[in-house]
file work_3.cif (mmCIF, C-alpha atoms)
data_start
loop_
_atom_site.label_atom_id
_atom_site.label_comp_id
_atom_site.auth_asym_id
_atom_site.auth_seq_id
_atom_site.Cartn_x
_atom_site.Cartn_y
_atom_site.Cartn_z
CA MET A 26 27.58 128.26 3.23
CA VAL A 27 26.70 126.52 0.03
CA PHE A 28 24.05 123.88 -0.05
CA ALA A 29 24.10 121.37 -2.88
CA LEU A 30 20.59 120.51 -3.93
CA ARG A 31 20.28 116.92 -5.04
CA ARG A 32 17.47 116.01 -7.39
CA ALA A 33 15.41 113.06 -6.25
CA ALA A 34 15.69 110.03 -8.48
CA VAL A 35 12.73 109.53 -10.73
CA GLN A 36 11.23 106.06 -10.71
CA PRO A 37 11.13 105.08 -14.40
CA LEU A 38 8.72 102.14 -14.10
CA SER A 39 5.08 102.10 -13.07
CA VAL A 40 2.92 99.03 -12.37
CA SER A 41 -0.85 99.13 -12.83
CA PRO A 42 -2.61 97.98 -10.80
CA ALA A 43 -0.27 97.78 -7.82
CA SER A 44 -1.89 94.45 -6.84
CA PHE A 45 -4.94 92.28 -7.58
CA ASP A 46 -7.44 91.04 -5.02
CA LEU A 47 -9.38 88.15 -6.56
CA GLY A 48 -11.92 88.03 -3.74
CA CYS A 49 -13.57 84.63 -3.23
CA PHE A 50 -13.30 82.15 -6.09
CA PRO A 51 -13.46 78.36 -6.67
CA ALA A 52 -10.01 76.89 -5.98
CA TRP A 53 -10.46 74.40 -8.82
CA LYS A 54 -10.58 77.18 -11.43
CA ALA A 55 -7.37 78.91 -12.54
CA GLN A 56 -7.34 82.68 -12.14
CA THR A 57 -5.41 85.02 -14.46
CA LYS A 58 -4.87 88.75 -14.03
CA THR A 59 -2.85 91.14 -16.19
CA PHE A 60 -0.45 93.79 -14.90
CA THR A 61 0.63 96.71 -17.09
CA ILE A 62 4.27 97.78 -16.87
CA ARG A 63 5.02 101.25 -18.27
CA ASN A 64 8.36 102.93 -18.80
CA THR A 65 7.85 106.55 -17.72
CA GLY A 66 11.55 107.36 -17.90
CA GLU A 67 13.69 108.76 -20.67
CA SER A 68 15.75 105.67 -21.52
CA ALA A 69 15.11 102.03 -22.30
CA VAL A 70 14.76 99.47 -19.49
CA ASN A 71 15.38 95.75 -19.87
CA LEU A 72 12.86 93.39 -18.27
CA LEU A 73 15.05 90.38 -17.51
CA ARG A 74 13.17 87.57 -15.79
CA VAL A 75 10.49 86.72 -13.22
CA ARG A 76 10.75 84.91 -9.91
CA SER A 77 7.69 83.61 -8.07
CA SER A 78 7.20 83.26 -4.32
CA CYS A 79 5.28 80.02 -4.96
CA SER A 80 4.90 77.42 -7.71
CA CYS A 81 1.15 78.10 -7.55
CA LEU A 82 1.69 81.52 -9.18
CA ALA A 83 3.26 81.76 -12.64
CA ALA A 84 3.77 84.67 -15.02
CA ASP A 85 3.51 84.65 -18.81
CA PHE A 86 6.75 86.48 -19.55
CA GLN A 87 9.59 86.73 -22.05
CA PRO A 88 12.65 89.01 -21.66
CA PHE A 89 11.81 92.35 -23.19
CA THR A 90 13.31 95.82 -23.77
CA LEU A 91 10.84 98.50 -22.75
CA GLU A 92 11.56 101.73 -24.59
CA ALA A 93 10.82 105.13 -23.07
CA GLY A 94 7.07 105.77 -23.04
CA GLN A 95 6.30 102.14 -23.95
CA GLU A 96 4.20 99.70 -21.93
CA THR A 97 3.77 95.94 -21.86
CA ALA A 98 1.46 93.41 -20.18
CA VAL A 99 2.45 90.61 -17.81
CA ALA A 100 -0.21 87.98 -17.09
CA ALA A 101 -0.02 86.27 -13.67
CA THR A 102 -1.94 83.00 -13.15
CA ILE A 103 -2.93 81.17 -9.97
CA ALA A 104 -3.01 77.50 -11.00
CA ALA A 105 -6.13 75.42 -10.42
CA ASN A 106 -6.20 73.47 -7.13
CA SER A 107 -2.95 75.08 -5.99
CA VAL A 108 -4.14 77.24 -3.07
CA ALA A 109 -6.89 77.09 -0.46
CA GLY A 110 -8.22 79.69 1.95
CA ASP A 111 -6.76 83.18 2.26
CA PHE A 112 -3.51 83.74 0.38
CA SER A 113 -1.18 86.42 -0.95
CA LYS A 114 1.40 85.46 -3.60
CA THR A 115 3.98 87.57 -5.38
CA VAL A 116 5.85 87.52 -8.66
CA PHE A 117 9.07 89.55 -8.73
CA LEU A 118 9.89 91.07 -12.10
CA GLU A 119 13.64 91.64 -12.39
CA THR A 120 14.83 94.69 -14.36
CA ASP A 121 18.03 96.67 -14.94
CA ALA A 122 16.46 99.97 -13.83
CA PRO A 123 18.52 101.49 -10.97
CA GLY A 124 16.52 101.36 -7.74
CA GLU A 125 13.84 99.19 -9.33
CA GLU A 126 15.70 95.94 -9.82
CA PHE A 127 12.68 93.98 -8.57
CA LEU A 128 9.06 94.97 -9.21
CA LYS A 129 6.41 93.25 -7.07
CA LEU A 130 3.28 91.90 -8.76
CA THR A 131 0.99 90.65 -5.99
CA VAL A 132 -2.14 88.52 -6.29
CA SER A 133 -4.31 87.80 -3.23
CA GLY A 134 -7.72 86.35 -2.53
CA THR A 135 -9.67 83.55 -0.88
CA ALA A 136 -9.72 80.20 -2.69
CA ILE A 137 -12.71 78.02 -1.84
CA PRO A 138 -11.66 74.34 -2.14
CA ALA A 139 -13.97 71.76 -3.66
CA VAL A 140 -14.01 70.06 -0.26
CA GLU A 141 -13.12 71.71 3.04
CA VAL A 142 -11.37 69.32 5.44
CA ARG A 143 -11.36 69.78 9.19
CA PRO A 144 -9.21 69.77 11.18
CA ARG A 145 -6.99 69.55 8.02
CA SER A 146 -6.13 67.10 5.28
CA GLU A 147 -2.80 66.05 6.82
CA VAL A 148 -2.29 65.37 10.54
CA TYR A 149 0.57 64.12 12.69
CA LEU A 150 -0.41 61.99 15.69
CA GLY A 151 2.98 61.94 17.37
CA ARG A 152 4.37 58.75 18.94
CA LEU A 153 1.85 55.96 19.47
CA GLN A 154 2.14 52.76 21.47
CA PRO A 155 1.93 49.45 19.56
CA ASP A 156 -1.52 47.81 19.43
CA GLU A 157 -3.25 50.79 21.06
CA GLU A 158 -6.02 51.86 18.69
CA ARG A 159 -6.46 55.53 17.81
CA ILE A 160 -9.55 56.90 16.04
CA CYS A 161 -9.07 59.81 13.64
CA VAL A 162 -12.14 61.77 12.59
CA PHE A 163 -12.29 64.22 9.69
CA ARG A 164 -15.22 66.45 8.72
CA LEU A 165 -15.54 66.99 4.96
CA THR A 166 -17.72 69.78 3.55
CA PRO A 167 -18.28 69.91 -0.24
CA ALA A 168 -18.41 73.39 -1.80
CA ASN A 169 -21.60 72.47 -3.65
CA PRO A 170 -24.48 70.39 -2.23
CA GLU A 171 -24.67 68.45 -5.52
CA MET A 172 -21.17 67.06 -5.01
CA SER A 173 -20.91 63.55 -3.60
CA LEU A 174 -17.89 61.85 -2.03
CA ARG A 175 -16.67 58.24 -2.25
CA LEU A 176 -13.92 56.56 -0.25
CA LEU A 177 -11.57 54.78 -2.65
CA PRO A 178 -9.89 51.46 -1.78
CA ALA A 179 -6.46 51.70 -0.16
CA ASP A 180 -3.53 51.00 -2.48
CA ALA A 181 -1.84 48.68 0.04
CA PRO A 182 -2.40 47.31 3.56
CA ASP A 183 -1.48 49.74 6.33
CA CYS A 184 -2.14 50.31 10.03
CA VAL A 185 -5.82 51.16 9.53
CA SER A 186 -8.09 48.46 10.89
CA GLN A 187 -11.26 50.18 9.72
CA SER A 188 -12.17 53.18 7.55
CA GLU A 189 -15.61 54.59 6.89
CA LEU A 190 -17.03 57.60 5.08
CA VAL A 191 -20.59 58.53 6.04
CA GLN A 192 -22.80 61.39 4.84
CA GLU A 193 -24.43 63.33 7.65
CA ASN A 194 -27.91 64.86 7.62
CA ASP A 195 -26.50 68.36 7.07
CA GLY A 196 -24.78 67.30 3.83
CA THR A 197 -21.29 67.09 5.29
CA TYR A 198 -19.31 63.85 5.43
CA ARG A 199 -17.59 62.13 8.33
CA LEU A 200 -14.42 60.15 7.62
CA GLU A 201 -13.39 57.83 10.43
CA LEU A 202 -10.05 55.99 10.44
CA HIS A 203 -9.25 53.41 13.12
CA VAL A 204 -5.46 53.41 13.39
CA LEU A 205 -3.82 50.37 15.01
CA PRO A 206 -0.03 50.87 15.32
CA ASP A 207 2.10 47.86 14.43
CA ALA A 208 5.39 47.34 16.30
CA SER A 209 7.03 46.10 13.11
CA ARG A 210 6.83 49.58 11.57
CA ARG A 211 8.58 52.63 13.00
CA PHE A 212 7.39 55.51 10.83
CA VAL A 213 3.94 55.26 9.31
CA LEU A 214 2.09 57.22 6.66
CA VAL A 215 -1.58 56.34 6.20
CA GLN A 216 -3.20 57.70 3.04
CA ARG A 217 -6.79 57.62 1.92
CA GLN A 218 -8.19 59.00 -1.32
CA ILE A 219 -11.71 60.30 -1.70
CA ALA A 220 -13.36 60.70 -5.09
CA ILE A 221 -15.32 63.90 -5.69
CA ASP A 222 -18.27 63.28 -8.02
CA TRP A 223 -19.97 66.22 -9.68
CA GLN A 224 -21.53 66.58 -13.13
CA GLU A 225 -20.25 70.13 -13.53
CA GLU A 226 -16.53 69.44 -13.10
CA ALA A 227 -13.88 66.69 -12.91
CA PHE A 228 -11.64 66.71 -9.84
CA PRO A 229 -8.55 64.79 -8.79
CA PRO A 230 -9.16 62.63 -5.70
CA LEU A 231 -8.92 64.36 -2.35
CA GLU A 232 -6.02 62.99 -0.26
CA ILE A 233 -6.16 62.52 3.51
CA LYS A 234 -2.85 61.77 5.22
CA VAL A 235 -2.13 60.61 8.77
CA ARG A 236 1.46 60.33 10.00
CA PHE A 237 2.77 58.89 13.27
CA THR A 238 5.72 57.18 14.88
CA VAL A 239 5.37 53.80 16.61
CA ALA A 240 7.13 53.49 19.98
CA GLU A 241 9.61 50.64 20.29
CA GLY A 242 7.70 49.02 23.12
CA LYS A 243 5.05 49.53 25.77
CA GLY A 244 5.70 52.57 27.91
CA GLN A 245 8.64 53.80 25.82
#
call {"tool": "encode", "arguments": {"input": "work_3.cif", "output": "structure tokens"}}
result
Amino acid sequence: MVFALRRAAVQPLSVSPASFDLGCFPAWKAQTKTFTIRNTGESAVNLLRVRSSCSCLAADFQPFTLEAGQETAVAATIAANSVAGDFSKTVFLETDAPGEEFLKLTVSGTAIPAVEVRPRSEVYLGRLQPDEERICVFRLTPANPEMSLRLLPADAPDCVSQSELVQENDGTYRLELHVLPDASRRFVLVQRQIAIDWQEEAFPPLEIKVRFTVAEGKGQ
């Protein structure tokens, strides 16, 4: 009996490091890390394009032919104010190397937002009855005690009868929206913007959104 021994395919491309963990960092500051791609094979490999799992992660890349023994750098950047909390994002580098058509470049970490919003910055209240008031409460916690928050005027009249932003003794803020559904409107989006004031940095306004549907009549 003759056994044919088949040589295992050699992976011609190496990525260093395999992934980046950014740890905890301010979400309002962009983060850039550089991956090194090395051709360890015996023939040239074409690096064709990149595809990202999220618009928050972009790669500085141009199509490139990587000769045998050559290496190149690919910088991956998490955009400022694009992620919050724990995350893991991936850029896929497309090549013409057999068996390595897509290389994964992964960046993970914990982005600390300028202001933490609880329960979250966008809520859906479901279907509400006309003229039955609902109170929505949000707890806002600035990342730095020197930050201050201001409730900006609404752009247009909506179903909010009252809105108030108050600083608590512990430094957090309480945003209270009194929602009064109007039978003349079926689908409602309430938006409030909150300015973040801090001498160290300029921030876009924080957006709070409340969505709900108004029932067609009492008891429906």
call {"tool": "residues_around", "arguments": {"input": "work_3.cif", "residues": "Ile62 in chain A", "least_positions_apart": "5", "cutoff": "10 Å", "atoms": "all atoms listed in the file", "output": "ChimeraX atom specification"}}
result
/A:38-42,72,91,95-99,118,128
call {"tool": "resolve_selection", "arguments": {"input": "work_3.cif", "expression": "the PyMOL selection byres ((chain A and resi 185) around 10)", "output": "list of chain:residue names"}}
result
A:Glu158, A:Arg159, A:Ile160, A:Ala179, A:Pro182, A:Asp183, A:Cys184, A:Ser186, A:Gln187, A:Ser188, A:Leu202, A:His203, A:Val204, A:Leu205, A:Pro206, A:Asp207, A:Val215, A:Gln216
call {"tool": "residues_around", "arguments": {"input": "work_3.cif", "residues": "Pro167 in chain A", "least_positions_apart": "6", "cutoff": "7 Å", "atoms": "all atoms listed in the file", "output": "list in words"}}
result
Ala139, Val140, Glu141 and Thr197 of chain A
call {"tool": "resolve_selection", "arguments": {"input": "work_3.cif", "expression": "the PyMOL selection byres ((chain A and resi 151-153) around 10)", "output": "PyMOL selection string"}}
result
chain A and resi 148-150+154-159+204-208+211-212+236-245
call {"tool": "resolve_selection", "arguments": {"input": "work_3.cif", "expression": "the PyMOL selection byres ((chain A and resi 142-146) around 9)", "output": "list in words"}}
result
Val140, Glu141, Glu147, Val148, Val162, Phe163, Arg164, Leu165, Thr166, Pro167, Leu231, Glu232, Ile233, Lys234 and Val235 of chain A
call {"tool": "closest_residue", "arguments": {"input": "work_3.cif", "among": "A:Leu214, A:Ala105, A:Ala69, A:Ala93", "to": "Cys81 in chain A", "atoms": "only C-alpha atoms"}}
result
A:Ala105
call {"tool": "residues_around", "arguments": {"input": "work_3.cif", "residues": "Pro88 in chain A", "least_positions_apart": "6", "cutoff": "8 Å", "atoms": "all atoms listed in the file", "output": "PDB file with C-alpha atoms, keeping the file's coordinate frame"}}
result
ATOM      1  CA  ASN A  71      15.380  95.750 -19.870  1.00  0.00           C
ATOM      2  CA  LEU A  72      12.860  93.390 -18.270  1.00  0.00           C
ATOM      3  CA  LEU A  73      15.050  90.380 -17.510  1.00  0.00           C
ATOM      4  CA  ARG A  74      13.170  87.570 -15.790  1.00  0.00           C
TER       5      ARG A  74
END
